[in-house]
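Shown next: structure03.txt, containing compact mmCIF, C-alpha atoms.
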```txt
# COMPACT_ATOMS: atom_id res chain seq x y z
CA MET M 1 99.90 142.72 117.13
CA ALA M 2 97.97 142.33 113.89
CA ASP M 3 100.90 140.44 112.36
CA GLN M 4 100.93 138.06 115.29
CA SER M 5 97.18 137.58 114.88
CA ILE M 6 97.39 136.52 111.23
CA ARG M 7 100.35 134.27 112.00
CA SER M 8 98.49 132.44 114.76
CA LEU M 9 95.37 132.25 112.62
CA PHE M 10 97.31 130.83 109.68
CA TYR M 11 99.08 128.24 111.85
CA SER M 12 95.72 127.23 113.29
CA ALA M 13 94.36 126.72 109.77
CA GLU M 14 97.44 124.69 108.84
CA ARG M 15 96.95 122.39 111.84
CA GLN M 16 93.31 121.85 110.91
CA ARG M 17 94.28 121.09 107.30
CA LYS M 18 96.91 118.53 108.32
CA ASP M 19 94.44 116.80 110.62
CA ILE M 20 91.94 116.58 107.76
CA GLU M 21 94.55 115.16 105.38
CA GLN M 22 95.32 112.43 107.92
CA SER M 23 91.64 111.48 108.24
CA TRP M 24 90.68 108.39 106.28
CA ASP M 25 86.86 108.59 106.25
CA SER M 26 85.72 111.61 104.26
CA ASN M 27 82.02 110.63 104.25
CA THR M 28 81.32 111.16 107.94
CA ALA M 29 79.56 114.22 109.30
CA THR M 30 82.50 114.89 111.64
CA TYR M 31 84.92 115.05 108.72
CA GLN M 32 82.72 117.53 106.85
CA GLN M 33 82.34 119.66 109.98
CA ASN M 34 86.10 119.79 110.51
CA LEU M 35 86.51 120.58 106.81
CA ALA M 36 84.06 123.48 107.03
CA ALA M 37 85.89 124.80 110.11
CA ALA M 38 89.26 124.70 108.31
CA ILE M 39 87.80 126.47 105.25
CA ALA M 40 86.33 129.16 107.50
CA THR M 41 89.72 129.69 109.18
CA TYR M 42 91.52 130.07 105.85
CA GLU M 43 88.83 132.50 104.65
CA GLU M 44 89.34 134.51 107.82
CA CYS M 45 93.07 134.55 107.13
CA LEU M 46 92.37 135.80 103.61
CA GLN M 47 90.13 138.57 104.85
CA LEU M 48 92.68 139.62 107.45
CA SER M 49 95.50 139.71 104.90
CA ASP M 50 93.37 141.95 102.68
CA ARG M 51 92.67 144.33 105.58
CA LEU M 52 96.39 144.45 106.40
CA SER M 53 97.26 144.95 102.70
CA LEU M 54 100.02 142.36 102.91
CA PHE M 55 100.23 142.17 99.12
CA SER M 56 100.04 145.07 96.73
CA PRO M 57 100.23 145.23 92.91
CA ASN M 58 102.87 147.94 93.26
CA GLU M 59 105.29 145.64 95.08
CA THR M 60 107.84 143.12 93.84
CA LEU M 61 108.97 139.82 95.31
CA GLU M 62 111.86 141.53 97.11
CA ASP M 63 109.39 143.77 98.93
CA ILE M 64 107.71 140.79 100.63
CA THR M 65 109.30 139.76 103.91
CA SER M 66 110.34 136.14 104.33
CA GLY M 67 107.72 135.64 107.01
CA ASP M 68 104.91 136.87 104.76
CA LEU M 69 105.73 134.60 101.81
CA GLN M 70 103.81 131.73 103.40
CA TYR M 71 100.56 133.72 103.17
CA LEU M 72 100.73 133.62 99.38
CA GLN M 73 99.47 130.04 99.49
CA ILE M 74 96.22 130.78 101.37
CA ASN M 75 94.10 130.70 98.19
CA TYR M 76 95.73 127.43 97.14
CA ARG M 77 95.06 125.76 100.49
CA LEU M 78 91.51 127.05 100.36
CA ALA M 79 90.93 125.58 96.89
CA GLU M 80 92.33 122.18 97.89
CA LEU M 81 89.97 122.00 100.88
CA ILE M 82 86.95 123.13 98.83
CA LEU M 83 87.49 120.19 96.47
CA ARG M 84 87.01 117.86 99.44
CA VAL M 85 83.55 119.22 100.25
CA SER M 86 80.73 116.72 99.73
CA SER M 87 77.76 118.38 98.06
CA THR M 88 74.96 117.53 95.66
CA SER M 89 75.91 120.58 93.57
CA ARG M 90 79.34 119.41 92.47
CA ASN M 91 79.55 121.96 89.65
CA SER M 92 79.34 124.89 92.04
CA ILE M 93 82.03 123.32 94.25
CA LEU M 94 84.37 122.92 91.29
CA GLN M 95 83.75 126.49 90.14
CA LYS M 96 84.49 127.84 93.62
CA ALA M 97 87.73 125.86 93.75
CA ARG M 98 88.66 127.12 90.27
CA ASP M 99 88.21 130.72 91.43
CA SER M 100 90.58 130.19 94.36
CA PHE M 101 93.18 128.50 92.15
CA GLU M 102 93.00 131.42 89.70
CA LYS M 103 93.46 133.98 92.50
CA TYR M 104 96.50 132.06 93.71
CA LEU M 105 98.11 131.94 90.25
CA ASN M 106 97.26 135.58 89.57
CA LEU M 107 98.97 136.65 92.79
CA LEU M 108 102.13 134.68 91.97
CA ASP M 109 102.16 136.04 88.43
CA GLN M 110 101.78 139.55 89.81
CA TYR M 111 105.00 139.12 91.84
CA LYS M 112 106.72 137.27 88.95
CA ILE M 113 107.30 134.20 91.11
CA LEU M 114 106.28 131.75 88.38
CA SER M 115 109.15 130.01 86.60
CA THR M 116 109.46 130.01 82.81
CA MET M 117 107.64 126.68 82.46
CA GLU M 118 104.98 127.68 84.98
CA LYS M 119 104.45 130.97 83.15
CA LYS M 120 103.83 129.08 79.89
CA LEU M 121 101.29 126.86 81.60
CA TYR M 122 99.59 129.88 83.15
CA ASP M 123 99.35 131.62 79.78
CA ALA M 124 97.92 128.45 78.24
CA TYR M 125 95.35 128.27 81.02
CA THR M 126 94.25 131.89 80.67
CA GLU M 127 93.73 131.37 76.91
CA ALA M 128 91.48 128.30 77.34
CA PRO M 129 90.58 127.63 80.99
CA THR M 130 87.93 124.96 80.33
CA THR M 131 90.11 122.89 77.97
CA PHE M 132 93.44 123.39 79.74
CA SER M 133 95.79 120.43 79.99
CA THR M 134 99.35 120.22 81.27
CA ILE M 135 100.13 117.95 78.30
CA SER M 136 99.17 119.58 75.02
CA THR M 137 100.23 116.80 72.66
CA THR M 138 98.03 113.87 71.68
CA ASP M 139 100.95 111.51 70.99
CA PRO M 140 100.76 108.67 73.56
CA ASN M 141 104.54 108.39 73.93
CA ALA M 142 104.93 112.13 74.38
CA ARG M 143 102.11 112.21 76.94
CA ARG M 144 103.73 109.38 78.84
CA GLY M 145 107.06 111.22 78.85
CA ALA M 146 105.39 114.42 80.05
CA LYS M 147 103.63 112.57 82.88
CA ILE M 148 106.95 111.05 83.97
CA ALA M 149 108.56 114.48 83.88
CA ASN M 150 105.75 115.95 86.01
CA PHE M 151 106.13 113.12 88.50
CA GLN M 152 109.90 113.63 88.72
CA ALA M 153 109.46 117.38 89.21
CA GLU M 154 106.96 116.82 92.01
CA LYS M 155 109.26 114.25 93.63
CA GLU M 156 112.24 116.63 93.56
CA LEU M 157 110.20 119.45 95.09
CA LYS M 158 109.00 117.21 97.91
CA GLN M 159 112.54 115.97 98.59
CA ARG M 160 113.77 119.55 98.73
CA LEU M 161 111.07 120.54 101.20
CA GLU M 162 111.73 117.44 103.28
CA PHE M 163 115.43 118.29 103.48
CA LEU M 164 114.74 121.84 104.60
CA ALA M 165 112.17 120.70 107.16
CA GLN M 166 114.48 118.03 108.62
CA ASN M 167 117.39 120.45 109.04
CA PRO M 168 116.18 123.22 111.36
CA ALA M 169 119.76 124.31 111.95
CA TYR M 170 119.94 125.22 108.28
CA LEU M 171 117.02 127.61 108.75
CA GLN M 172 118.01 129.00 112.14
CA ASN M 173 118.79 132.71 111.98
CA ASP M 174 119.14 132.49 108.21
CA ASP M 175 116.63 134.66 106.41
CA LEU M 176 117.71 133.45 102.98
CA ALA M 177 117.19 129.80 103.96
CA ILE M 178 113.71 130.56 105.30
CA ARG M 179 112.92 132.42 102.09
CA GLU M 180 114.17 129.47 100.05
CA LEU M 181 111.90 127.12 102.03
CA HIS M 182 108.78 129.22 101.37
CA LEU M 183 109.57 129.64 97.67
CA ALA M 184 110.12 125.88 97.30
CA ASN M 185 106.78 125.28 98.98
CA LEU M 186 105.15 127.73 96.57
CA SER M 187 106.70 125.87 93.62
CA LEU M 188 105.14 122.62 94.82
CA CYS M 189 101.77 124.32 95.35
CA THR M 190 101.95 125.79 91.83
CA HIS M 191 102.78 122.41 90.34
CA ASN M 192 99.81 120.84 92.13
CA THR M 193 97.56 123.74 91.07
CA PHE M 194 98.03 123.03 87.37
CA GLN M 195 97.46 119.31 87.98
CA SER M 196 94.27 120.08 89.91
CA LEU M 197 92.97 122.44 87.20
CA GLU M 198 93.45 119.74 84.58
CA SER M 199 91.69 117.17 86.76
CA LEU M 200 88.93 119.69 87.46
CA ASN M 201 88.28 120.15 83.73
CA ARG M 202 88.04 116.40 83.21
CA GLU M 203 85.55 116.07 86.05
CA LEU M 204 83.43 118.86 84.59
CA ASP M 205 83.42 117.04 81.23
CA VAL M 206 82.14 113.90 82.95
CA LEU M 207 79.47 115.84 84.84
CA ALA M 208 78.33 117.46 81.60
CA MET M 209 77.59 114.00 80.15
CA ALA M 210 75.68 112.82 83.22
CA PRO M 211 71.86 112.58 83.00
CA PRO M 212 69.85 115.24 84.82
CA PRO M 213 69.02 114.46 88.46
CA PRO M 214 65.59 112.95 89.09
CA SER M 215 62.90 115.43 90.02
CA THR M 216 61.28 115.41 93.44
CA PRO M 217 58.50 112.82 93.56
CA GLY M 218 55.12 114.47 93.19
CA LEU M 219 51.65 113.37 94.12
CA SER M 220 51.20 111.32 90.94
CA THR M 221 54.45 109.42 91.56
CA LEU M 222 53.53 108.68 95.15
CA SER M 223 50.07 107.47 94.15
CA PHE M 224 51.67 105.33 91.41
CA ASP M 225 53.95 103.63 93.94
CA SER M 226 51.02 103.17 96.32
CA ARG M 227 48.91 101.44 93.68
CA GLU M 228 51.91 99.30 92.69
CA ARG M 229 52.32 98.09 96.29
CA ASN M 230 48.62 97.34 96.49
CA GLY M 231 48.80 95.21 93.34
CA SER M 232 46.76 97.50 91.04
CA HIS M 233 47.61 97.00 87.36
CA ASP M 234 45.04 99.22 85.65
CA LEU M 235 47.09 100.95 82.96
CA SER M 236 44.79 103.96 82.80
CA SER M 237 45.00 104.53 86.56
CA LEU M 238 48.77 104.15 86.46
CA GLU M 239 48.98 106.81 83.74
CA ILE M 240 50.87 104.55 81.32
CA GLN M 241 50.13 105.54 77.74
CA ASP M 242 49.38 102.73 75.29
CA GLY M 243 50.25 100.18 77.95
CA TYR M 244 53.97 101.07 77.86
CA SER M 245 56.17 101.29 80.92
CA ASP M 246 59.94 101.55 81.17
CA ARG M 247 59.96 99.53 84.38
CA LEU M 248 61.61 96.12 84.12
CA ASP M 249 59.66 94.62 87.02
CA ARG M 250 56.10 95.30 85.88
CA ARG M 251 53.80 92.89 87.60
CA ASP M 252 51.50 92.63 84.62
CA LEU M 253 54.35 91.04 82.63
CA LEU M 254 56.77 89.27 84.94
CA SER M 255 54.85 88.58 88.13
CA ALA M 256 53.83 85.12 89.21
CA ASN M 257 50.29 86.52 89.58
CA ASN M 258 49.94 86.58 85.79
CA LYS M 259 47.61 83.69 84.99
CA GLY M 260 47.38 84.25 81.23
CA PRO M 261 48.29 81.51 78.74
CA ILE M 262 51.91 81.08 77.70
CA LEU M 263 51.15 79.79 74.18
CA SER M 264 48.47 80.70 71.70
CA SER M 265 46.26 78.11 69.98
CA GLU M 266 48.71 78.09 67.06
CA GLY M 267 51.61 77.34 69.42
CA LYS M 268 53.13 80.85 69.36
CA PRO M 269 54.58 82.06 72.70
CA LEU M 270 52.57 84.95 74.12
CA ARG M 271 55.02 85.99 76.83
CA PRO M 272 58.53 85.13 78.04
CA PHE M 273 58.77 82.07 80.27
CA THR M 274 61.38 79.94 82.03
CA LEU M 275 61.23 76.16 82.49
CA LEU M 276 61.91 75.19 86.11
CA ASP M 277 61.34 72.11 88.22
CA SER M 278 59.02 74.00 90.59
CA ARG M 279 57.55 77.44 91.24
CA GLN M 280 59.46 77.66 94.50
CA THR M 281 62.77 77.53 92.60
CA LEU M 282 61.83 80.73 90.81
CA LYS M 283 60.89 82.45 94.07
CA ASP M 284 64.13 81.39 95.76
CA GLY M 285 66.25 82.87 92.96
CA VAL M 286 64.75 86.38 93.02
CA PHE M 287 67.22 89.17 93.90
CA LYS M 288 70.15 86.77 94.03
CA PRO M 289 73.33 87.31 91.98
CA GLY M 290 72.30 84.76 89.37
CA HIS M 291 68.83 86.22 88.85
CA ASN M 292 68.46 87.75 85.38
CA LEU M 293 65.51 89.31 83.63
CA PRO M 294 64.75 88.21 80.04
CA THR M 295 67.02 89.86 77.48
CA MET M 296 64.98 88.93 74.38
CA THR M 297 61.58 87.61 73.43
CA ILE M 298 60.91 84.02 72.40
CA ASP M 299 60.43 85.09 68.77
CA GLU M 300 63.79 86.85 68.79
CA TYR M 301 65.43 83.76 70.27
CA LEU M 302 63.90 81.49 67.64
CA GLU M 303 65.05 83.83 64.87
CA GLU M 304 68.58 83.75 66.28
CA GLU M 305 68.51 79.95 66.38
CA ARG M 306 67.17 79.72 62.83
CA ALA M 307 69.83 82.16 61.58
CA ARG M 308 72.68 80.08 62.99
CA GLY M 309 71.18 76.79 61.77
CA GLY M 310 69.97 75.48 65.09
CA ILE M 311 66.43 74.78 63.83
CA ILE M 312 65.65 72.10 61.21
CA ASP M 313 62.51 72.83 59.24
CA GLY M 314 60.31 70.07 57.86
CA GLY M 315 59.27 66.68 59.26
CA GLY M 316 55.79 65.30 59.78
CA ALA M 317 53.26 65.75 56.98
CA GLN M 318 55.45 68.36 55.29
CA SER M 319 58.20 65.82 54.64
CA GLY M 320 56.04 64.08 51.99
CA VAL M 321 55.24 67.27 50.10
CA VAL M 322 57.38 67.60 46.98
CA ALA M 323 58.00 71.12 45.84
CA GLU M 324 56.79 71.77 42.30
CA VAL M 325 59.44 72.82 39.81
CA ASP M 326 58.68 75.78 37.63
CA GLU M 327 58.61 74.53 34.02
CA ASP M 328 59.90 77.85 32.75
CA ASP M 329 62.95 77.68 35.04
CA TYR M 330 65.30 75.74 32.75
CA ALA M 331 68.27 75.99 35.11
CA LYS M 332 66.27 74.50 37.97
CA GLY M 333 64.87 71.80 35.71
CA GLU M 334 68.34 70.87 34.51
CA GLU M 335 69.52 70.70 38.11
CA GLU M 336 66.69 68.33 39.07
CA THR M 337 67.41 66.13 36.03
CA VAL M 338 71.09 65.84 36.95
CA LYS M 339 70.14 65.02 40.53
CA ALA M 340 67.71 62.28 39.41
CA ARG M 341 70.31 60.72 37.11
CA SER M 342 72.89 60.76 39.89
CA TRP M 343 70.44 59.00 42.17
CA ASP M 344 69.66 56.32 39.57
CA ASP M 345 73.36 55.70 39.07
CA TYR M 346 73.84 55.35 42.82
CA VAL M 347 70.95 52.85 43.09
CA GLU M 348 72.37 50.74 40.25
CA ALA M 349 75.80 50.76 41.89
CA ASN M 350 74.37 49.55 45.25
CA PRO M 351 71.68 46.94 44.39
CA LYS M 352 72.08 44.88 47.58
CA TYR M 353 71.57 47.86 49.87
CA PHE M 354 68.39 49.03 48.19
CA PHE M 355 67.05 45.45 47.94
CA PHE M 356 67.43 45.24 51.72
CA ILE M 357 65.71 48.63 52.22
CA GLU M 358 62.74 47.63 50.01
CA HIS M 359 62.16 44.42 52.01
CA ILE M 360 62.23 46.35 55.30
CA MET M 361 59.72 48.88 54.04
CA ALA M 362 57.47 46.08 52.74
CA PHE M 363 57.65 44.32 56.12
CA HIS M 364 56.52 47.46 57.95
```
Just dump the structure as structure tokens.
Amino acid sequence: MADQSIRSLFYSAERQRKDIEQSWDSNTATYQQNLAAAIATYEECLQLSDRLSLFSPNETLEDITSGDLQYLQINYRLAELILRVSSTSRNSILQKARDSFEKYLNLLDQYKILSTMEKKLYDAYTEAPTTFSTISTTDPNARRGAKIANFQAEKELKQRLEFLAQNPAYLQNDDLAIRELHLANLSLCTHNTFQSLESLNRELDVLAMAPPPPSTPGLSTLSFDSRERNGSHDLSSLEIQDGYSDRLDRRDLLSANNKGPILSSEGKPLRPFTLLDSRQTLKDGVFKPGHNLPTMTIDEYLEEERARGGIIDGGGAQSGVVAEVDEDDYAKGEEETVKARSWDDYVEANPKYFFFIEHIMAFH
């Protein structure tokens, strides 16, 4: 009676799992509710198998009946479903899934079900769980070959299971065939377990580099937002030290309400600005795809232009100022002398041109 109970409970959990795997929207509340129900059913199966003592460390693989082999995968199925849970504490979810994967592998290792290759991977995982990888080499070609080999192994296991499932006559009244089916299914689950553990480690590495979550807004934050909506820009009341704020949309800098001058009396820009045909054009472009905030100040832009030769200095009154040559700089003096002689030679070689220029200048 108890055996029939765990069998029906396990089949119920399997049906729930298959329905979840066929669902396409994992973000809905219904999906998460069905997921929680399936996890609870598998956990109940696990508890019942422990009470029945289906598996014992004193047993071998031959001591397990063919019908009980399928219960070896309960921890694996549980771990796969836990990874689908949507939670703000992703680290705890990953750790819970890791625990179930480890229990599954430990149980298979206890019964010596792991193949030679799987045993090597399991030993490598137990030595360094957090840095485990199914591909130990760093050579790109070798990693590519290993990935292809893993894909081929998974494909062959799935084809084998598909053949056994599509030929019920092969399994009918044949205990060895049923046993072969369950062991093949365990091989596929083991293969996927190592892949999931590697993926789990990578996700944990990414989460470790993520910034800490924002704290719950307190009274000061709420009052800050309230004063911002009301248009208050008093830096002391906004608790901004030295007038600094990391906000990109500060009204005291970028708002149209800023009536301060753009240029100083010397012509130096005091704040970033954009030349438009009308103020309405600026308003219409806010929050649209082409709307960009300033990426540099006017001074930085002018320095960039000057560095790449886009600004010509001189002109006006400065164009008539002749730089004085240092009398002690003989190299510079020699250079100026050579330049003057070259100019005189050029004038003598082109008398008509310079006669024409002198008459034009005299006319003006």
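Across the model, the gap from atom CA of Tyr11 of chain M to atom CA of Leu61 of chain M is 22.5 Å.
Put simply, atom CA of Gly309 of chain M is 29.6 Å away from atom CA of Tyr330 of chain M.
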Please indicate the distance in Å from atom CA of Ala38 of chain M to atom CA of Tyr71 of chain M, rounded to one decimal place. 15.3 Å
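Of the listed residues M:Cys45, M:Leu72, M:Ala184, M:Met117, the one whose atoms come nearest to Phe101 of chain M is M:Leu72, with distances taken using only C-alpha atoms.
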Counting all atoms listed in the file, the residue of M:Lys119, M:Arg179, M:His191, M:Arg202 that sits nearest Ala149 of chain M: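 Counting all atoms listed in the file, the residue closest to Ala149 of chain M is M:His191.
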May I ask which of the residues M:Arg90, M:Phe194, M:Glu304, M:Leu48 is the closest one to Leu207 of chain M, counting all atoms listed in the file? M:Arg90
Counting all atoms listed in the file, what is within 12 Å of Asp99 of chain M, bar same-chain residues fewer than 6 positions away, as JSON, numbers by chain? {"M": [75, 76, 78, 79, 80, 82, 83, 92, 93, 105, 106, 129, 193, 197, 200]}
Using all atoms listed in the file, find the one residue out of M:Ala97, M:Leu46, M:Leu204, M:Ala37 that sits nearest to Thr130 of chain M. M:Leu204
Go through M:Thr134, M:Leu9, M:Asp299, M:Pro57 one by one, measure the shortest atom-to-atom distance of each to Asp109 of chain M using all atoms listed in the file, and give the residue with the smallest value. M:Pro57
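Of the listed residues (M:Cys189, M:Ala307, M:Leu54, M:Ala340), M:Leu54 comes nearest to Asp68 of chain M; the distances count all atoms listed in the file.
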